[in-house]
Amino acid sequence: MMQISEEEMEIIMHRRKTFLYTDKECWSKKENQDFDVSMGSLDSAEVCEIVGLFLLHKIQTFIQPEDAGLYRDDGLAAMELPGPEVERLKKKIIKLFKQHGLKITIEAHMKNTPFLDLELDLHTNSYKPYRKDNTIPLYINANSNHPHHIKTELPKMIAKRVSQLSSSKEIFEKEAPIYNEALKIAGYNEKIEYKPKES
């Protein structure tokens, strides 16, 4: 495991000291006044990843590394355990996070779940694109002043991405209409076509 040097730790902790002003007065938090990770700050994603890797390392004491994953603040674990064992595991993870001053939301016994831009289905062993609240994608308008090569490649890029996020051609064909409609609204005549994954 890679070690963080004292100097690196000092830099990380010093960077957490931020000051916010409103009406010429310094605003301070009620707790941990000298420590903050502002959303959208220059290194907030990196801090999130460091904390995530640390917690993943700690979780390995009760979950196999290949059964859990993390991307920034989204985590996912898949395992087959009886109900009471799942509840005990949830309590252990919640306790671990609490020991480090963090909270976690855990949903268990799920066979279908969104993770990042995928919806995973353990029943059918398949996956498809996930859009939050079924939002309709928005694309740059075909008549915009974006470079021509960007506009001509856009439908191909979308086709490739939706194909990658679809575990089969059948799933792609079910998902394609919403992307085709979004392209049409943005002024494109092309329709996306399934692009098989390259091995």
# chains A, B, ... in the order shown; residues from 1 in each chain; ligands from 1
$ select_by_dssp --residues "chain A" --states "strand (DSSP E)" --output "MDAnalysis selection string"
chainID A and resid 20:22 25:27 68:71 74:77 112:115 118:121 126:129
$ residues_around --residues "Ser168 in chain A" --least-positions-apart "2" --cutoff "12 Å" --atoms "only C-alpha atoms" --output "list in words"
Thr124, Asn125, Ser126, Tyr127, Lys128, Pro129, Val162, Ser163, Gln164, Leu165, Ser166, Glu170, Ile171, Phe172, Glu173, Lys174, Glu175, Tyr194, Lys195, Pro196 and Lys197 of chain A
$ write_last_selection --atoms "N, CA, C and O atoms" --output "CSV table (one decimal), in the first residue's frame"
chain,number,residue,atom,x,y,z
A,124,THR,N,-31.4,-10.6,-14.7
A,124,THR,CA,-31.2,-11.0,-16.1
A,124,THR,C,-29.7,-10.9,-16.5
A,124,THR,O,-29.4,-11.2,-17.7
A,125,ASN,N,-28.8,-10.5,-15.5
A,125,ASN,CA,-27.4,-10.4,-15.8
A,125,ASN,C,-27.2,-9.4,-17.0
A,125,ASN,O,-26.4,-9.7,-17.9
A,126,SER,N,-27.9,-8.3,-16.9
A,126,SER,CA,-27.8,-7.3,-18.0
A,126,SER,C,-27.6,-5.9,-17.5
A,126,SER,O,-27.7,-5.7,-16.3
A,127,TYR,N,-27.3,-5.0,-18.4
A,127,TYR,CA,-27.2,-3.6,-18.0
A,127,TYR,C,-27.7,-2.7,-19.2
A,127,TYR,O,-27.7,-3.2,-20.3
A,128,LYS,N,-28.1,-1.5,-18.8
A,128,LYS,CA,-28.6,-0.6,-19.8
A,128,LYS,C,-28.2,0.9,-19.4
A,128,LYS,O,-27.9,1.1,-18.2
A,129,PRO,N,-28.4,1.8,-20.3
A,129,PRO,CA,-28.1,3.2,-19.9
A,129,PRO,C,-29.1,3.7,-18.8
A,129,PRO,O,-30.2,3.3,-18.8
A,162,VAL,N,-24.1,4.7,-26.1
A,162,VAL,CA,-25.3,3.9,-25.8
A,162,VAL,C,-25.0,2.5,-26.0
A,162,VAL,O,-25.5,1.6,-25.3
A,163,SER,N,-24.3,2.1,-27.1
A,163,SER,CA,-24.0,0.7,-27.4
A,163,SER,C,-23.1,0.1,-26.2
A,163,SER,O,-23.4,-1.0,-25.8
A,164,GLN,N,-22.1,0.9,-25.7
A,164,GLN,CA,-21.3,0.4,-24.6
A,164,GLN,C,-22.1,0.2,-23.3
A,164,GLN,O,-21.8,-0.6,-22.5
A,165,LEU,N,-23.1,1.1,-23.2
A,165,LEU,CA,-23.9,1.0,-22.0
A,165,LEU,C,-25.1,0.0,-22.1
A,165,LEU,O,-25.9,-0.1,-21.1
A,166,SER,N,-25.2,-0.7,-23.2
A,166,SER,CA,-26.2,-1.7,-23.4
A,166,SER,C,-25.6,-3.1,-23.5
A,166,SER,O,-24.7,-3.3,-24.3
A,170,GLU,N,-30.6,-5.9,-28.3
A,170,GLU,CA,-32.1,-5.7,-28.0
A,170,GLU,C,-32.3,-4.6,-27.0
A,170,GLU,O,-33.2,-3.8,-27.2
A,171,ILE,N,-31.4,-4.5,-26.0
A,171,ILE,CA,-31.5,-3.4,-25.0
A,171,ILE,C,-31.2,-2.1,-25.7
A,171,ILE,O,-31.9,-1.1,-25.5
A,172,PHE,N,-30.2,-2.1,-26.6
A,172,PHE,CA,-29.9,-0.8,-27.3
A,172,PHE,C,-31.1,-0.3,-28.1
A,172,PHE,O,-31.4,0.8,-28.0
A,173,GLU,N,-31.7,-1.2,-28.8
A,173,GLU,CA,-32.9,-0.9,-29.6
A,173,GLU,C,-34.1,-0.3,-28.8
A,173,GLU,O,-34.8,0.5,-29.2
A,174,LYS,N,-34.2,-0.8,-27.5
A,174,LYS,CA,-35.2,-0.3,-26.6
A,174,LYS,C,-34.9,1.1,-26.1
A,174,LYS,O,-35.7,1.9,-25.9
A,175,GLU,N,-33.6,1.4,-25.9
A,175,GLU,CA,-33.1,2.6,-25.4
A,175,GLU,C,-32.9,3.7,-26.5
A,175,GLU,O,-33.0,4.9,-26.2
A,194,TYR,N,-26.6,0.6,-33.5
A,194,TYR,CA,-25.8,-0.3,-32.6
A,194,TYR,C,-24.4,-0.5,-33.1
A,194,TYR,O,-24.2,-0.8,-34.3
A,195,LYS,N,-23.5,-0.3,-32.2
A,195,LYS,CA,-22.1,-0.6,-32.5
A,195,LYS,C,-21.6,-1.7,-31.6
A,195,LYS,O,-21.4,-1.4,-30.4
A,196,PRO,N,-21.4,-2.9,-32.1
A,196,PRO,CA,-20.9,-4.0,-31.2
A,196,PRO,C,-19.6,-3.6,-30.5
A,196,PRO,O,-18.8,-2.9,-31.1
A,197,LYS,N,-19.5,-4.1,-29.3
A,197,LYS,CA,-18.3,-3.8,-28.5
A,197,LYS,C,-17.1,-4.5,-29.2
A,197,LYS,O,-17.2,-5.6,-29.6
$ select_by_dssp --residues "range 58-182 of chain A" --states "alpha helix (DSSP H)" --output "ChimeraX atom specification"
/A:58-59,83-99,148-164,169-182
$ residues_around --residues "Gly52 in chain A" --least-positions-apart "4" --cutoff "7 Å" --atoms "only C-alpha atoms" --output "ChimeraX atom specification"
/A:48,56,70,72
$ closest_residue --among "A:Lys160, A:Lys132, A:Lys184, A:His146" --to "Glu198 in chain A" --atoms "only C-alpha atoms"
A:Lys160
$ residues_around --residues "range 135-139 of chain A" --least-positions-apart "3" --cutoff "10 Å" --atoms "only C-alpha atoms" --output "list in words"
Tyr130, Arg131, Lys132, Ala142, Lys151, Leu154, Pro155, Ile158, Ile178, Tyr179, Asn180, Glu181, Ala182, Leu183, Lys184, Ile185, Ala186, Gly187 and Tyr188 of chain A
$ write_last_selection --atoms "C-alpha atoms" --output "PDB file, in the first residue's frame"
ATOM      1  CA  TYR A 130     -29.374   5.041 -16.787  1.00  0.00           C
ATOM      2  CA  ARG A 131     -30.774   8.552 -16.867  1.00  0.00           C
ATOM      3  CA  LYS A 132     -31.757  10.259 -13.624  1.00  0.00           C
ATOM      4  CA  ALA A 142     -26.825  21.098 -35.374  1.00  0.00           C
ATOM      5  CA  LYS A 151     -21.379  18.183 -34.997  1.00  0.00           C
ATOM      6  CA  LEU A 154     -21.907  13.678 -32.345  1.00  0.00           C
ATOM      7  CA  PRO A 155     -24.458  11.044 -33.502  1.00  0.00           C
ATOM      8  CA  ILE A 158     -23.756   8.897 -28.901  1.00  0.00           C
ATOM      9  CA  ILE A 178     -35.088   8.648 -26.575  1.00  0.00           C
ATOM     10  CA  TYR A 179     -31.584   9.441 -27.878  1.00  0.00           C
ATOM     11  CA  ASN A 180     -32.858   9.665 -31.463  1.00  0.00           C
ATOM     12  CA  GLU A 181     -35.608  12.032 -30.342  1.00  0.00           C
ATOM     13  CA  ALA A 182     -33.051  14.204 -28.515  1.00  0.00           C
ATOM     14  CA  LEU A 183     -30.902  14.326 -31.662  1.00  0.00           C
ATOM     15  CA  LYS A 184     -33.957  15.256 -33.748  1.00  0.00           C
ATOM     16  CA  ILE A 185     -34.850  18.073 -31.323  1.00  0.00           C
ATOM     17  CA  ALA A 186     -31.248  19.337 -31.659  1.00  0.00           C
ATOM     18  CA  GLY A 187     -31.618  19.437 -35.463  1.00  0.00           C
ATOM     19  CA  TYR A 188     -29.890  16.202 -36.497  1.00  0.00           C
TER      20      TYR A 188
END
$ atom_distance --atom1 "CA of Ala108 in chain A" --atom2 "CA of Gln60 in chain A"
18.0 Å
$ residues_around --residues "range 77-84 of chain A" --least-positions-apart "2" --cutoff "12 Å" --atoms "only C-alpha atoms" --output "PyMOL selection string"
chain A and resi 56+59-60+62-71+74-75+86-91+93+106-113+115+120-122
$ atom_distance --atom1 "CA of Ile192 in chain A" --atom2 "CA of Ala176 in chain A"
6.8 Å
$ closest_atom_pairs --of "range 46-115 of chain A" --to "range 5-15 of chain A" --cutoff "12 Å" --atoms "only C-alpha atoms" --output "CSV"
residue,atom,partner,partner_atom,distance
A:Glu46,CA,A:Ile12,CA,10.1
A:Val47,CA,A:Ile12,CA,8.2
A:Cys48,CA,A:Ile12,CA,11.9
A:Ile50,CA,A:Ile12,CA,10.3
A:Val51,CA,A:Ile12,CA,11.6
$ closest_residue --among "A:Thr105, A:Asn141, A:Leu76, A:Arg161" --to "Asn189 in chain A" --atoms "only C-alpha atoms"
A:Asn141
$ closest_residue --among "A:Leu55, A:Asn134, A:Asp73, A:Ile150" --to "Gln99 in chain A" --atoms "only C-alpha atoms"
A:Leu55
$ decode --residues "range 76-123 of chain A" --atoms "N, CA and C atoms" --output "tab-separated table (two decimals), in the first residue's frame"
chain	number	residue	atom	x	y	z
A	76	LEU	N	-20.64	0.60	-4.64
A	76	LEU	CA	-21.50	-0.54	-4.96
A	76	LEU	C	-20.80	-1.81	-4.52
A	77	ALA	N	-21.55	-2.70	-3.89
A	77	ALA	CA	-21.03	-4.02	-3.51
A	77	ALA	C	-22.07	-5.05	-3.89
A	78	ALA	N	-21.62	-6.19	-4.39
A	78	ALA	CA	-22.54	-7.26	-4.76
A	78	ALA	C	-22.05	-8.56	-4.13
A	79	MET	N	-22.93	-9.19	-3.37
A	79	MET	CA	-22.56	-10.46	-2.75
A	79	MET	C	-23.82	-11.24	-2.40
A	80	GLU	N	-23.66	-12.53	-2.25
A	80	GLU	CA	-24.79	-13.38	-1.86
A	80	GLU	C	-24.62	-13.75	-0.39
A	81	LEU	N	-25.51	-13.19	0.43
A	81	LEU	CA	-25.49	-13.46	1.86
A	81	LEU	C	-26.92	-13.64	2.35
A	82	PRO	N	-27.12	-14.45	3.39
A	82	PRO	CA	-28.47	-14.54	3.97
A	82	PRO	C	-28.85	-13.22	4.65
A	83	GLY	N	-30.14	-12.97	4.76
A	83	GLY	CA	-30.67	-11.72	5.31
A	83	GLY	C	-30.02	-11.23	6.59
A	84	PRO	N	-29.94	-12.08	7.64
A	84	PRO	CA	-29.35	-11.60	8.90
A	84	PRO	C	-27.88	-11.20	8.74
A	85	GLU	N	-27.14	-11.90	7.89
A	85	GLU	CA	-25.73	-11.57	7.67
A	85	GLU	C	-25.60	-10.22	6.95
A	86	VAL	N	-26.53	-9.94	6.04
A	86	VAL	CA	-26.52	-8.65	5.35
A	86	VAL	C	-26.73	-7.52	6.35
A	87	GLU	N	-27.67	-7.71	7.27
A	87	GLU	CA	-27.94	-6.68	8.27
A	87	GLU	C	-26.73	-6.45	9.17
A	88	ARG	N	-26.03	-7.53	9.55
A	88	ARG	CA	-24.81	-7.38	10.38
A	88	ARG	C	-23.74	-6.63	9.60
A	89	LEU	N	-23.60	-6.94	8.32
A	89	LEU	CA	-22.60	-6.27	7.48
A	89	LEU	C	-22.93	-4.78	7.34
A	90	LYS	N	-24.21	-4.45	7.14
A	90	LYS	CA	-24.62	-3.04	7.07
A	90	LYS	C	-24.21	-2.29	8.33
A	91	LYS	N	-24.46	-2.91	9.48
A	91	LYS	CA	-24.12	-2.26	10.75
A	91	LYS	C	-22.61	-2.04	10.88
A	92	LYS	N	-21.81	-3.01	10.43
A	92	LYS	CA	-20.35	-2.87	10.48
A	92	LYS	C	-19.89	-1.70	9.61
A	93	ILE	N	-20.47	-1.59	8.41
A	93	ILE	CA	-20.06	-0.51	7.49
A	93	ILE	C	-20.49	0.84	8.03
A	94	ILE	N	-21.70	0.94	8.55
A	94	ILE	CA	-22.17	2.20	9.13
A	94	ILE	C	-21.27	2.60	10.30
A	95	LYS	N	-20.90	1.63	11.14
A	95	LYS	CA	-20.01	1.90	12.28
A	95	LYS	C	-18.65	2.39	11.80
A	96	LEU	N	-18.11	1.76	10.75
A	96	LEU	CA	-16.81	2.17	10.20
A	96	LEU	C	-16.85	3.62	9.73
A	97	PHE	N	-17.89	3.97	8.99
A	97	PHE	CA	-18.01	5.35	8.50
A	97	PHE	C	-18.15	6.32	9.68
A	98	LYS	N	-18.96	5.93	10.67
A	98	LYS	CA	-19.17	6.80	11.83
A	98	LYS	C	-17.86	7.04	12.60
A	99	GLN	N	-17.01	6.00	12.68
A	99	GLN	CA	-15.71	6.14	13.35
A	99	GLN	C	-14.85	7.21	12.69
A	100	HIS	N	-15.10	7.47	11.42
A	100	HIS	CA	-14.32	8.47	10.67
A	100	HIS	C	-15.11	9.75	10.42
A	101	GLY	N	-16.20	9.93	11.19
A	101	GLY	CA	-16.98	11.16	11.11
A	101	GLY	C	-17.83	11.28	9.86
A	102	LEU	N	-18.18	10.15	9.26
A	102	LEU	CA	-18.95	10.18	8.01
A	102	LEU	C	-20.26	9.41	8.18
A	103	LYS	N	-21.19	9.69	7.30
A	103	LYS	CA	-22.46	8.97	7.25
A	103	LYS	C	-22.56	8.26	5.91
A	104	ILE	N	-23.30	7.17	5.88
A	104	ILE	CA	-23.49	6.41	4.64
A	104	ILE	C	-24.93	5.93	4.56
A	105	THR	N	-25.45	5.89	3.36
A	105	THR	CA	-26.77	5.32	3.10
A	105	THR	C	-26.55	3.99	2.41
A	106	ILE	N	-27.15	2.93	2.95
A	106	ILE	CA	-26.99	1.59	2.37
A	106	ILE	C	-28.35	1.04	2.03
A	107	GLU	N	-28.49	0.58	0.80
A	107	GLU	CA	-29.69	-0.14	0.37
A	107	GLU	C	-29.28	-1.57	0.09
A	108	ALA	N	-29.97	-2.52	0.70
A	108	ALA	CA	-29.60	-3.93	0.56
A	108	ALA	C	-30.73	-4.72	-0.09
A	109	HIS	N	-30.42	-5.95	-0.44
A	109	HIS	CA	-31.37	-6.89	-1.03
A	109	HIS	C	-31.90	-6.40	-2.38
A	110	MET	N	-31.08	-5.68	-3.11
A	110	MET	CA	-31.50	-5.15	-4.41
A	110	MET	C	-31.02	-6.07	-5.52
A	111	LYS	N	-31.86	-6.26	-6.50
A	111	LYS	CA	-31.49	-7.07	-7.67
A	111	LYS	C	-31.32	-6.18	-8.90
A	112	ASN	N	-31.73	-4.92	-8.75
A	112	ASN	CA	-31.64	-3.97	-9.85
A	112	ASN	C	-31.24	-2.64	-9.23
A	113	THR	N	-30.18	-2.01	-9.78
A	113	THR	CA	-29.74	-0.75	-9.19
A	113	THR	C	-29.04	0.14	-10.21
A	114	PRO	N	-29.24	1.44	-10.11
A	114	PRO	CA	-28.45	2.36	-10.94
A	114	PRO	C	-27.07	2.55	-10.29
A	115	PHE	N	-26.06	2.66	-11.12
A	115	PHE	CA	-24.71	2.99	-10.64
A	115	PHE	C	-24.07	3.84	-11.70
A	116	LEU	N	-23.82	5.11	-11.37
A	116	LEU	CA	-23.28	6.09	-12.31
A	116	LEU	C	-24.24	6.20	-13.50
A	117	ASP	N	-23.79	5.87	-14.72
A	117	ASP	CA	-24.69	6.01	-15.87
A	117	ASP	C	-25.17	4.66	-16.39
A	118	LEU	N	-25.16	3.64	-15.51
A	118	LEU	CA	-25.64	2.31	-15.85
A	118	LEU	C	-26.77	1.89	-14.93
A	119	GLU	N	-27.67	1.07	-15.45
A	119	GLU	CA	-28.64	0.41	-14.60
A	119	GLU	C	-28.32	-1.07	-14.69
A	120	LEU	N	-27.98	-1.66	-13.54
A	120	LEU	CA	-27.54	-3.06	-13.49
A	120	LEU	C	-28.68	-3.94	-13.03
A	121	ASP	N	-28.87	-5.09	-13.68
A	121	ASP	CA	-29.94	-6.01	-13.34
A	121	ASP	C	-29.34	-7.40	-13.08
A	122	LEU	N	-29.35	-7.81	-11.81
A	122	LEU	CA	-28.79	-9.11	-11.44
A	122	LEU	C	-29.70	-10.26	-11.84
A	123	HIS	N	-31.01	-10.01	-11.97
A	123	HIS	CA	-31.93	-11.07	-12.40
A	123	HIS	C	-31.61	-11.55	-13.81
